[in-house]
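Structure, as structure tokens:
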Amino acid sequence: MAARATLHCLTGCAIGEILGMVVGTALDWGNAQTMILAIILAFAFGYALTLRSVLTAGVDFRTAFRVALAADTLSIAVMELIDNGVIALWPGAMDAQLADALFWGALAMSLAIAFVVTTPVNKWMIGRGSGHAVAHRYHH
């Protein structure tokens, strides 16, 4: 269950992270601005995926939004900390361009490492009845 929760989180984070990095890099933004955009989009897409599935269960928007916040906030935060930390520390990754294998390789590796680190966090939260355990009852 923790791995599935983390994969769900990773999907939203990856969409936002990749989109943010691509847009920021394509627009030749600085590293800080690109990373901020990627983090904002990662949270937005992460929450949106949970929100969509909870709303599908027939829950009102306000309740669904609260469930998404409870289910995903810590998971996304840990994932983004690890993901962006890896990219920031990877030599040359922050200066790589869209056509560079380093750009895509570092991004893929950072997301994989973030998945490995975040899975035990989600397992711990689920064991305590928080995190994705909150959203689980709304999933079909």
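By order of appearance in the structure tokens: chains A, B, ..., then residues from 1 within every chain, and ligands from 1 in the order shown.
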Within 12 Å of Ala88 in chain A, counting only C-alpha atoms, which residues show up once you throw out same-chain ones fewer than 6 positions away? Write them as a PDB file with N, CA and C atoms, in the first residue's frame, please.
ATOM      1  N   ASN A  31      18.127  29.136 -12.184  1.00  0.00           N
ATOM      2  CA  ASN A  31      17.920  27.871 -11.483  1.00  0.00           C
ATOM      3  C   ASN A  31      16.880  27.979 -10.374  1.00  0.00           C
ATOM      4  N   ALA A  32      16.932  29.044  -9.593  1.00  0.00           N
ATOM      5  CA  ALA A  32      15.997  29.200  -8.474  1.00  0.00           C
ATOM      6  C   ALA A  32      14.557  29.326  -8.976  1.00  0.00           C
ATOM      7  N   THR A  34      13.316  28.319 -11.835  1.00  0.00           N
ATOM      8  CA  THR A  34      12.905  27.049 -12.443  1.00  0.00           C
ATOM      9  C   THR A  34      12.532  26.037 -11.368  1.00  0.00           C
ATOM     10  N   MET A  35      13.336  25.955 -10.318  1.00  0.00           N
ATOM     11  CA  MET A  35      13.068  25.004  -9.250  1.00  0.00           C
ATOM     12  C   MET A  35      11.786  25.368  -8.496  1.00  0.00           C
ATOM     13  N   GLU A  80       9.734  16.170  -3.031  1.00  0.00           N
ATOM     14  CA  GLU A  80      10.319  17.360  -3.645  1.00  0.00           C
ATOM     15  C   GLU A  80      11.661  17.729  -3.021  1.00  0.00           C
ATOM     16  N   LEU A  81      11.764  17.560  -1.723  1.00  0.00           N
ATOM     17  CA  LEU A  81      13.040  17.829  -1.057  1.00  0.00           C
ATOM     18  C   LEU A  81      14.136  16.921  -1.610  1.00  0.00           C
ATOM     19  N   ILE A  82      13.848  15.650  -1.719  1.00  0.00           N
ATOM     20  CA  ILE A  82      14.839  14.691  -2.218  1.00  0.00           C
ATOM     21  C   ILE A  82      15.103  14.925  -3.701  1.00  0.00           C
ATOM     22  N   MET A  94      21.886  21.308 -12.959  1.00  0.00           N
ATOM     23  CA  MET A  94      21.122  22.555 -12.962  1.00  0.00           C
ATOM     24  C   MET A  94      21.413  23.420 -14.188  1.00  0.00           C
ATOM     25  N   ASP A  95      22.514  23.171 -14.839  1.00  0.00           N
ATOM     26  CA  ASP A  95      22.866  23.956 -16.027  1.00  0.00           C
ATOM     27  C   ASP A  95      22.607  23.206 -17.331  1.00  0.00           C
ATOM     28  N   ALA A  96      22.128  21.972 -17.225  1.00  0.00           N
ATOM     29  CA  ALA A  96      21.862  21.168 -18.423  1.00  0.00           C
ATOM     30  C   ALA A  96      20.666  21.741 -19.186  1.00  0.00           C
ATOM     31  N   PHE A 103      20.255  16.389 -18.507  1.00  0.00           N
ATOM     32  CA  PHE A 103      18.998  16.969 -18.029  1.00  0.00           C
ATOM     33  C   PHE A 103      18.000  15.870 -17.703  1.00  0.00           C
ATOM     34  N   ALA A 106      19.429  13.064 -15.006  1.00  0.00           N
ATOM     35  CA  ALA A 106      19.411  13.542 -13.624  1.00  0.00           C
ATOM     36  C   ALA A 106      17.980  13.655 -13.108  1.00  0.00           C
ATOM     37  N   LEU A 107      17.082  14.110 -13.962  1.00  0.00           N
ATOM     38  CA  LEU A 107      15.681  14.233 -13.570  1.00  0.00           C
ATOM     39  C   LEU A 107      15.081  12.860 -13.275  1.00  0.00           C
ATOM     40  N   SER A 110      16.686  11.459 -10.073  1.00  0.00           N
ATOM     41  CA  SER A 110      16.230  12.166  -8.867  1.00  0.00           C
ATOM     42  C   SER A 110      14.829  11.706  -8.465  1.00  0.00           C
TER      43      SER A 110
END
Enumerate as a ChimeraX atom specification all residues of range 5-126 of chain A assigned to alpha helix (DSSP H) by DSSP on the backbone, naming them with the chain letters and numbers the document uses.
-> /A:5-26,31-56,61-89,101-126
Selected residues written out, C-alpha atoms, as a CSV table (one decimal), in the first residue's frame:
chain,number,residue,atom,x,y,z
A,5,ALA,CA,0.7,5.6,-2.4
A,6,THR,CA,4.2,6.7,-3.2
A,7,LEU,CA,3.7,5.8,-6.9
A,8,HIS,CA,0.5,7.8,-6.9
A,9,CYS,CA,2.4,10.8,-5.4
A,10,LEU,CA,5.3,10.3,-7.7
A,11,THR,CA,3.0,10.5,-10.7
A,12,GLY,CA,1.7,13.9,-9.8
A,13,CYS,CA,5.1,15.1,-8.6
A,14,ALA,CA,6.8,13.9,-11.8
A,15,ILE,CA,4.3,15.6,-14.1
A,16,GLY,CA,4.7,18.9,-12.2
A,17,GLU,CA,8.4,18.6,-11.8
A,18,ILE,CA,9.1,17.7,-15.4
A,19,LEU,CA,6.8,20.4,-16.7
A,20,GLY,CA,8.4,23.0,-14.4
A,21,MET,CA,11.9,22.1,-15.3
A,22,VAL,CA,11.1,22.0,-19.1
A,23,VAL,CA,9.3,25.4,-19.0
A,24,GLY,CA,11.9,27.1,-16.8
A,25,THR,CA,14.8,25.7,-18.9
A,26,ALA,CA,13.1,26.5,-22.2
A,31,ASN,CA,17.9,27.9,-11.5
A,32,ALA,CA,16.0,29.2,-8.5
A,33,GLN,CA,13.0,30.3,-10.5
A,34,THR,CA,12.9,27.0,-12.4
A,35,MET,CA,13.1,25.0,-9.2
A,36,ILE,CA,10.3,27.1,-7.6
A,37,LEU,CA,8.1,26.6,-10.6
A,38,ALA,CA,8.8,22.9,-10.6
A,39,ILE,CA,7.9,22.5,-6.9
A,40,ILE,CA,4.7,24.6,-7.2
A,41,LEU,CA,3.6,22.5,-10.2
A,42,ALA,CA,4.6,19.2,-8.4
A,43,PHE,CA,2.3,20.1,-5.5
A,44,ALA,CA,-0.5,21.3,-7.8
A,45,PHE,CA,-0.5,18.1,-9.9
A,46,GLY,CA,0.0,15.9,-6.9
A,47,TYR,CA,-3.0,17.4,-5.1
A,48,ALA,CA,-5.0,17.4,-8.3
A,49,LEU,CA,-4.7,13.6,-8.9
A,50,THR,CA,-5.9,12.9,-5.3
A,51,LEU,CA,-8.6,15.5,-5.6
A,52,ARG,CA,-9.8,14.0,-8.8
A,53,SER,CA,-10.1,10.5,-7.4
A,54,VAL,CA,-11.8,11.7,-4.2
A,55,LEU,CA,-14.3,13.9,-6.1
A,56,THR,CA,-15.1,10.8,-8.2
A,61,PHE,CA,-15.0,19.8,-3.1
A,62,ARG,CA,-14.2,21.2,0.3
A,63,THR,CA,-13.9,17.8,1.9
A,64,ALA,CA,-12.0,16.4,-1.1
A,65,PHE,CA,-9.5,19.3,-0.9
A,66,ARG,CA,-9.0,18.6,2.8
A,67,VAL,CA,-8.5,14.9,2.1
A,68,ALA,CA,-5.9,15.7,-0.6
A,69,LEU,CA,-4.0,18.0,1.7
A,70,ALA,CA,-4.0,15.4,4.5
A,71,ALA,CA,-3.1,12.6,2.1
A,72,ASP,CA,-0.4,14.2,0.1
A,73,THR,CA,1.3,17.2,1.8
A,74,LEU,CA,4.1,15.3,3.7
A,75,SER,CA,4.6,12.8,0.9
A,76,ILE,CA,5.0,15.5,-1.8
A,77,ALA,CA,7.2,17.7,0.5
A,78,VAL,CA,9.6,14.8,1.1
A,79,MET,CA,9.6,13.8,-2.5
A,80,GLU,CA,10.3,17.4,-3.6
A,81,LEU,CA,13.0,17.8,-1.1
A,82,ILE,CA,14.8,14.7,-2.2
A,83,ASP,CA,14.2,15.2,-5.9
A,84,ASN,CA,15.3,18.8,-6.0
A,85,GLY,CA,18.2,18.1,-3.6
A,86,VAL,CA,19.5,15.4,-6.0
A,87,ILE,CA,19.2,17.7,-9.0
A,88,ALA,CA,20.9,20.6,-7.1
A,89,LEU,CA,23.8,18.5,-5.9
A,101,ALA,CA,21.1,13.6,-21.8
A,102,LEU,CA,22.2,14.9,-18.4
A,103,PHE,CA,19.0,17.0,-18.0
A,104,TRP,CA,16.8,13.9,-18.5
A,105,GLY,CA,19.1,11.4,-16.8
A,106,ALA,CA,19.4,13.5,-13.6
A,107,LEU,CA,15.7,14.2,-13.6
A,108,ALA,CA,14.8,10.5,-13.9
A,109,MET,CA,17.4,9.5,-11.3
A,110,SER,CA,16.2,12.2,-8.9
A,111,LEU,CA,12.6,11.0,-9.1
A,112,ALA,CA,13.7,7.3,-8.6
A,113,ILE,CA,15.7,8.2,-5.5
A,114,ALA,CA,12.8,10.3,-4.2
A,115,PHE,CA,10.5,7.3,-4.7
A,116,VAL,CA,12.8,5.1,-2.7
A,117,VAL,CA,13.2,7.6,0.2
A,118,THR,CA,9.5,8.6,0.3
A,119,THR,CA,8.0,5.0,0.4
A,120,PRO,CA,9.0,4.4,4.0
A,121,VAL,CA,7.6,7.8,5.0
A,122,ASN,CA,4.3,6.9,3.4
A,123,LYS,CA,4.4,3.5,5.1
A,124,TRP,CA,4.9,5.2,8.5
A,125,MET,CA,2.1,7.6,7.9
A,126,ILE,CA,-0.3,4.9,6.7
